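K.L.:
One structure follows; several queries about it will come next.
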Amino acid sequence: MKKGIVSIVLLGTMMMTQTNIYGAEIKNFMDLNNKIIEQKQRIANQKEIIDKEKKLAEEQLKLEENNKITISFAGDCTLGTYYGQGEWNRFDKIAEKNGYEYFFKNVKPYFEKDDLTVVNLEGPLTTGGQRAQKQFAIKGEPSYTEILKQGSIEAVSLANNHTSDYGNEGMKQTKDALTKANINYFIGDKINYQEIKRIKIALIGETGWDKSKGTKDRIKKRIQEAKAQADLVFIMFHWGIERENYPNDVQKELAYLSIDEGADLVLGSHPHVIQGIETYKGKDIIYSFGNFSFGANKNPDDKDTFIYQVTYKKQNGNVVLDGSKVIPCSIPSSKERNTYQPTPLSGTEKERVQNRLIKYSNKFTKSYFN
């Protein structure tokens with residue numbers, strides 16, 4: 001009897017022990033399962049946080065990009081020919097043969113990615129007007145505004161010594177053609193105002209042949225007027241001495257005056273060759289770009305030119321400089337003749353133009369170059 005009782009007790013004990021063991025295993029399994037679930041939840045939460053942070057970073061980058069504007073500037077563009085120019089390799093013949101998109105197609109990758117491209121349009125686009133009695137009276141077809149549009153050029157200065165080569169009628173027809181093509185122009189008291197990504201800019205076009213009181217007063221007036229209405233003021237001068245690679249005293253004095261009065265950038269044309277870049281009070285002065293797409297010379301001796309790109313951004317309610325660079329180019333895509341097709345340079349040719357600019361420049365370094 002006692003043995004039976006003992007056996008029953010032992011059996012019960014064994015069953016209880018097994019039950020405890022199974023229970024412990026089940027508990028361990030449940031604990032492990034809960035830990036796995038918790039770990040998965042933590043990973044999911046971390047992924048959600050990472051995704052949110054990534055989205056916020058993308059939105060912030062997009063916001064920053066939307067607060068930035070990049071503007072490209074380049075030199076003299078003569079879209080046409082001068083009176084008496086021979087038939088060989090003439091601009092209008094090239095246009096007929098290759099189409100309007102031909103001329104700026106090699107620089108368009110730079111221009112179409114910026115927010116604004118500005119050049120000096122040297123010569124009227126007209127079919128009429130009274131020709132000026134001068135050695136080089138230049139004009140092109142009004143339809144050549146399409147050349148600018150195909151090249152992603154949105155604004156032009158008319159402040160130069162060839163815009164009036166075909167009188168008031170030629171000037172009017174040029175302005176009408178540009179307006180019809182939605183291309184902005186600026187000259188003298190016709191300041192061009194634009195707002196790009198909530199940044200207001202002003203484009204001023206002036207000639208700068210002397211540093212007389214009258215000239216200085218005119219420049220002061222233009223800049224003060226523009227400064228009252230815009231965040232950024234750019235003034236493009238037609239000035240200097242042809243084929244001189246260094247700015248003269250008039251250029252320097254007018255450039256310094258412009259910045260002292262509030263201009264954010266000073267740009268120059270007319271010498272038909274490149275001149276240096278100077279930084280004055282933190283603002284750049286591009287004394288001369290040289291020619292760009294220049295139909296008035298079928299084979300210029302000096303074929304070097306460049307594009308200047310500058311970026312500004314909004315920061316704490318102010319518009320500040322975010323960077324600038326120079327893109328060395330050749331006026332033609334060929335060494336033998338003018339193709340009227342400015343082309344970015346690479347390799348040793350790019351370095352050669354860089355070194356020329358550095359030589360001609362004051363307080364200028366290679367950091368500008370891409």
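By convention in this document, the chains of the structure tokens carry letters A, B, ... by their order, each chain's residues are numbered from 1, and ligands are numbered from 1 in the order they are shown.
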Would you mind writing down, as a PyMOL selection string, each residue of region 210-247 of chain A that DSSP on the backbone assigns to helix (DSSP H, G or I)?
P.N.:
chain A and resi 213-227
K.L.:
If we count only C-alpha atoms, what is near Phe111 (chain A) at a cut-off of 9 Å, once residues fewer than 4 positions away on the same chain are taken out, given as a short mmCIF file (atom, residue, chain, number, x, y, z; two decimals) with C-alpha atoms, in the first residue's frame?
P.N.:
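Written file, part.cif:
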data_model
loop_
_atom_site.label_atom_id
_atom_site.label_comp_id
_atom_site.auth_asym_id
_atom_site.auth_seq_id
_atom_site.Cartn_x
_atom_site.Cartn_y
_atom_site.Cartn_z
CA ILE A 71 22.74 83.63 -63.46
CA SER A 72 25.08 83.27 -66.44
CA VAL A 107 26.95 76.38 -74.39
CA ASP A 115 17.76 80.69 -63.93
CA LEU A 116 18.78 83.54 -66.24
CA THR A 117 21.30 84.08 -69.04
CA GLY A 151 20.22 79.18 -76.84
CA SER A 152 18.25 79.73 -73.62
CA ILE A 153 19.25 83.42 -73.43
#
K.L.:
Got a sec: who's within 6 Å of region 221-238 of chain A, counting only C-alpha atoms, leaving out chain neighbours fewer than 3 positions off, as a list in words?
P.N.:
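My list of contacting residues is Asn160, Lys200, Ile201, Ala202, Leu203, Ile204, Gly205, Glu206, Thr207, Gly208, Arg218, Ala263, Asp264, Leu265, Val266, Leu267, Gly268, Ser269 and His270 of chain A.
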K.L.:
Residues within 10 Å of Lys252 (chain A), please, as an mmCIF file with N, CA and C atoms, in the first residue's frame. Count only C-alpha atoms; anything in the same chain fewer than 5 positions from it doesn't count.
P.N.:
data_model
loop_
_atom_site.group_PDB
_atom_site.id
_atom_site.type_symbol
_atom_site.label_atom_id
_atom_site.label_comp_id
_atom_site.auth_asym_id
_atom_site.auth_seq_id
_atom_site.Cartn_x
_atom_site.Cartn_y
_atom_site.Cartn_z
ATOM 1 N N LYS A 211 34.772 109.459 -67.287
ATOM 2 C CA LYS A 211 34.447 109.521 -65.857
ATOM 3 C C LYS A 211 34.064 110.944 -65.453
ATOM 4 N N GLY A 240 35.902 100.756 -72.207
ATOM 5 C CA GLY A 240 37.261 100.275 -72.425
ATOM 6 C C GLY A 240 37.791 100.525 -73.830
ATOM 7 N N PRO A 247 42.047 96.719 -68.033
ATOM 8 C CA PRO A 247 41.105 97.838 -67.936
ATOM 9 C C PRO A 247 41.835 99.157 -67.757
ATOM 10 N N LEU A 257 32.828 102.986 -58.376
ATOM 11 C CA LEU A 257 31.691 103.856 -58.074
ATOM 12 C C LEU A 257 30.396 103.044 -58.034
ATOM 13 N N SER A 258 30.227 102.160 -58.991
ATOM 14 C CA SER A 258 29.003 101.359 -59.064
ATOM 15 C C SER A 258 28.819 100.510 -57.810
ATOM 16 N N GLU A 278 38.210 91.465 -61.057
ATOM 17 C CA GLU A 278 38.675 92.016 -59.788
ATOM 18 C C GLU A 278 37.564 91.907 -58.757
ATOM 19 N N ILE A 285 34.031 92.330 -60.360
ATOM 20 C CA ILE A 285 34.018 93.198 -61.540
ATOM 21 C C ILE A 285 34.599 92.385 -62.691
ATOM 22 N N TYR A 287 35.719 92.832 -66.167
ATOM 23 C CA TYR A 287 36.005 94.002 -67.001
ATOM 24 C C TYR A 287 35.666 93.790 -68.474
#
K.L.:
So that I can see what lies close to Tyr360 (chain A), please list as a JSON list (two decimals) with C-alpha atoms, in the first residue's frame the residues with an atom at most 9 Å from it, counting only C-alpha atoms and leaving out residues fewer than 6 positions away in the same chain.
P.N.:
[["chain", "number", "residue", "atom", "x", "y", "z"],
["A", 245, "ASN", "CA", 43.60, 93.16, -72.14],
["A", 246, "TYR", "CA", 43.83, 95.45, -69.13],
["A", 247, "PRO", "CA", 41.11, 97.84, -67.94],
["A", 274, "ILE", "CA", 39.13, 89.20, -72.45],
["A", 275, "GLN", "CA", 40.16, 91.33, -69.51],
["A", 276, "GLY", "CA", 40.61, 90.37, -65.89],
["A", 277, "ILE", "CA", 38.25, 90.00, -62.96]]
K.L.:
For region 120-137 of chain A, list every protein, DNA or RNA residue within 10 Å, evaluated using only C-alpha atoms, and leave out those in the same chain fewer than 6 positions away; present the list as an mmCIF file with C-alpha atoms, in the first residue's frame.
P.N.:
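Result went into out-v9.cif, see below:
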data_model
loop_
_atom_site.group_PDB
_atom_site.id
_atom_site.type_symbol
_atom_site.label_atom_id
_atom_site.label_comp_id
_atom_site.auth_asym_id
_atom_site.auth_seq_id
_atom_site.Cartn_x
_atom_site.Cartn_y
_atom_site.Cartn_z
ATOM 1 C CA PHE A 73 26.722 86.224 -68.178
ATOM 2 C CA ALA A 74 28.626 86.238 -71.476
ATOM 3 C CA GLY A 75 30.046 88.740 -73.934
ATOM 4 C CA ASP A 76 29.393 90.503 -77.231
ATOM 5 C CA CYS A 77 26.868 88.878 -79.561
ATOM 6 C CA THR A 78 26.550 90.242 -83.084
ATOM 7 C CA LEU A 79 23.752 88.238 -84.640
ATOM 8 C CA GLY A 80 24.176 89.469 -88.176
ATOM 9 C CA THR A 81 26.648 91.137 -90.528
ATOM 10 C CA TYR A 82 28.030 94.587 -91.251
ATOM 11 C CA TYR A 83 27.338 96.571 -94.396
ATOM 12 C CA GLY A 84 29.665 95.511 -97.210
ATOM 13 C CA GLN A 85 30.789 92.268 -95.559
ATOM 14 C CA SER A 143 13.749 86.643 -86.586
ATOM 15 C CA TYR A 144 17.201 86.146 -85.045
ATOM 16 C CA THR A 145 15.572 86.542 -81.643
ATOM 17 C CA LEU A 148 18.645 83.718 -78.494
ATOM 18 C CA ALA A 155 18.000 88.971 -71.361
ATOM 19 C CA VAL A 156 20.230 91.284 -73.414
ATOM 20 C CA SER A 157 21.913 94.637 -72.941
ATOM 21 C CA LEU A 158 21.374 97.134 -75.756
ATOM 22 C CA ALA A 159 23.735 99.700 -74.249
ATOM 23 C CA ASN A 160 26.536 99.694 -76.824
ATOM 24 C CA ASN A 161 27.912 101.597 -79.812
ATOM 25 C CA HIS A 162 26.140 99.494 -82.478
ATOM 26 C CA THR A 163 22.538 99.297 -81.285
ATOM 27 C CA SER A 164 21.733 102.517 -83.165
ATOM 28 C CA ASP A 165 23.563 101.585 -86.385
ATOM 29 C CA TYR A 166 20.230 101.777 -88.210
ATOM 30 C CA GLY A 167 18.752 104.730 -86.373
ATOM 31 C CA ASN A 168 15.632 105.050 -84.285
ATOM 32 C CA GLU A 169 13.621 102.836 -86.601
ATOM 33 C CA GLY A 170 16.188 100.053 -86.320
ATOM 34 C CA MET A 171 16.235 100.432 -82.544
ATOM 35 C CA LYS A 172 12.438 100.330 -82.315
ATOM 36 C CA GLN A 173 12.187 97.249 -84.492
ATOM 37 C CA THR A 174 14.831 95.546 -82.342
ATOM 38 C CA LYS A 175 12.947 96.282 -79.133
ATOM 39 C CA ASP A 176 9.669 95.149 -80.681
ATOM 40 C CA ALA A 177 11.223 91.885 -81.866
ATOM 41 C CA LEU A 178 12.718 91.187 -78.433
ATOM 42 C CA TYR A 185 16.299 94.028 -72.695
ATOM 43 C CA PHE A 186 17.864 96.874 -70.762
ATOM 44 C CA GLY A 205 22.846 98.743 -69.216
ATOM 45 C CA MET A 236 26.631 95.936 -67.556
ATOM 46 C CA PHE A 237 28.918 98.547 -69.098
ATOM 47 C CA HIS A 238 30.085 99.011 -72.663
ATOM 48 C CA GLY A 268 31.868 94.750 -69.095
ATOM 49 C CA SER A 269 31.977 94.476 -72.871
ATOM 50 C CA HIS A 270 33.410 96.256 -75.944
ATOM 51 C CA PHE A 289 34.216 88.976 -71.613
ATOM 52 C CA ASN A 291 33.390 88.341 -78.082
ATOM 53 C CA PHE A 292 30.910 85.487 -77.833
ATOM 54 C CA SER A 293 28.847 84.756 -80.956
ATOM 55 C CA PHE A 294 30.209 87.595 -83.046
ATOM 56 C CA GLY A 295 29.097 87.816 -86.672
ATOM 57 C CA ALA A 296 31.038 91.011 -87.399
#
K.L.:
If you run DSSP on the backbone here, which positions in region 165-295 of chain A get strand (DSSP E)? Please write them as a PyMOL selection string.
P.N.:
chain A and resi 184-186+192-196+199-208+232-239+265-269+277-280+283-286+291-294
K.L.:
Just to be explicit: take each residue in the selection above, keep C-alpha atoms, and write the result as a PDB file, in the first residue's frame.
P.N.:
ATOM      1  CA  ASN A 184      14.119  91.078 -71.712  1.00  0.00           C
ATOM      2  CA  TYR A 185      16.299  94.028 -72.695  1.00  0.00           C
ATOM      3  CA  PHE A 186      17.864  96.874 -70.762  1.00  0.00           C
ATOM      4  CA  ASN A 192      14.910  95.512 -66.448  1.00  0.00           C
ATOM      5  CA  TYR A 193      13.360  94.161 -63.252  1.00  0.00           C
ATOM      6  CA  GLN A 194      12.684  90.479 -62.690  1.00  0.00           C
ATOM      7  CA  GLU A 195      11.678  88.294 -59.777  1.00  0.00           C
ATOM      8  CA  ILE A 196      13.120  84.787 -59.770  1.00  0.00           C
ATOM      9  CA  ILE A 199      14.553  87.199 -55.374  1.00  0.00           C
ATOM     10  CA  LYS A 200      14.163  90.537 -57.144  1.00  0.00           C
ATOM     11  CA  ILE A 201      16.924  91.537 -59.558  1.00  0.00           C
ATOM     12  CA  ALA A 202      17.635  94.654 -61.600  1.00  0.00           C
ATOM     13  CA  LEU A 203      19.642  94.759 -64.844  1.00  0.00           C
ATOM     14  CA  ILE A 204      21.181  98.095 -65.851  1.00  0.00           C
ATOM     15  CA  GLY A 205      22.846  98.743 -69.216  1.00  0.00           C
ATOM     16  CA  GLU A 206      25.199 101.723 -69.553  1.00  0.00           C
ATOM     17  CA  THR A 207      28.052 103.028 -71.686  1.00  0.00           C
ATOM     18  CA  GLY A 208      31.138 104.145 -69.813  1.00  0.00           C
ATOM     19  CA  LEU A 232      20.291  92.433 -56.442  1.00  0.00           C
ATOM     20  CA  VAL A 233      21.574  95.077 -58.849  1.00  0.00           C
ATOM     21  CA  PHE A 234      23.725  94.146 -61.857  1.00  0.00           C
ATOM     22  CA  ILE A 235      25.181  96.799 -64.137  1.00  0.00           C
ATOM     23  CA  MET A 236      26.631  95.936 -67.556  1.00  0.00           C
ATOM     24  CA  PHE A 237      28.918  98.547 -69.098  1.00  0.00           C
ATOM     25  CA  HIS A 238      30.085  99.011 -72.663  1.00  0.00           C
ATOM     26  CA  TRP A 239      33.497 100.570 -72.118  1.00  0.00           C
ATOM     27  CA  LEU A 265      28.053  92.879 -59.760  1.00  0.00           C
ATOM     28  CA  VAL A 266      29.739  94.879 -62.530  1.00  0.00           C
ATOM     29  CA  LEU A 267      30.087  93.420 -66.032  1.00  0.00           C
ATOM     30  CA  GLY A 268      31.868  94.750 -69.095  1.00  0.00           C
ATOM     31  CA  SER A 269      31.977  94.476 -72.871  1.00  0.00           C
ATOM     32  CA  ILE A 277      38.251  90.000 -62.962  1.00  0.00           C
ATOM     33  CA  GLU A 278      38.675  92.016 -59.788  1.00  0.00           C
ATOM     34  CA  THR A 279      36.978  91.607 -56.423  1.00  0.00           C
ATOM     35  CA  TYR A 280      36.214  94.959 -54.795  1.00  0.00           C
ATOM     36  CA  LYS A 283      31.818  92.166 -55.240  1.00  0.00           C
ATOM     37  CA  ASP A 284      33.160  90.974 -58.591  1.00  0.00           C
ATOM     38  CA  ILE A 285      34.018  93.198 -61.540  1.00  0.00           C
ATOM     39  CA  ILE A 286      34.253  91.393 -64.880  1.00  0.00           C
ATOM     40  CA  ASN A 291      33.390  88.341 -78.082  1.00  0.00           C
ATOM     41  CA  PHE A 292      30.910  85.487 -77.833  1.00  0.00           C
ATOM     42  CA  SER A 293      28.847  84.756 -80.956  1.00  0.00           C
ATOM     43  CA  PHE A 294      30.209  87.595 -83.046  1.00  0.00           C
TER      44      PHE A 294
END
K.L.:
Have a look at A:Ile37, A:Asn355, A:Lys298, A:Ile327 and name the one nearest to Lys93 (chain A); count only C-alpha atoms.
P.N.:
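Among A:Ile37, A:Asn355, A:Lys298, A:Ile327, it is A:Lys298 that comes nearest to Lys93 (chain A).
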K.L.:
Of the residues A:Cys329, A:Ile147, A:Gly262, A:Pro142, which is the one nearest to Asn98 (chain A), using only C-alpha atoms?
P.N.:
A:Ile147
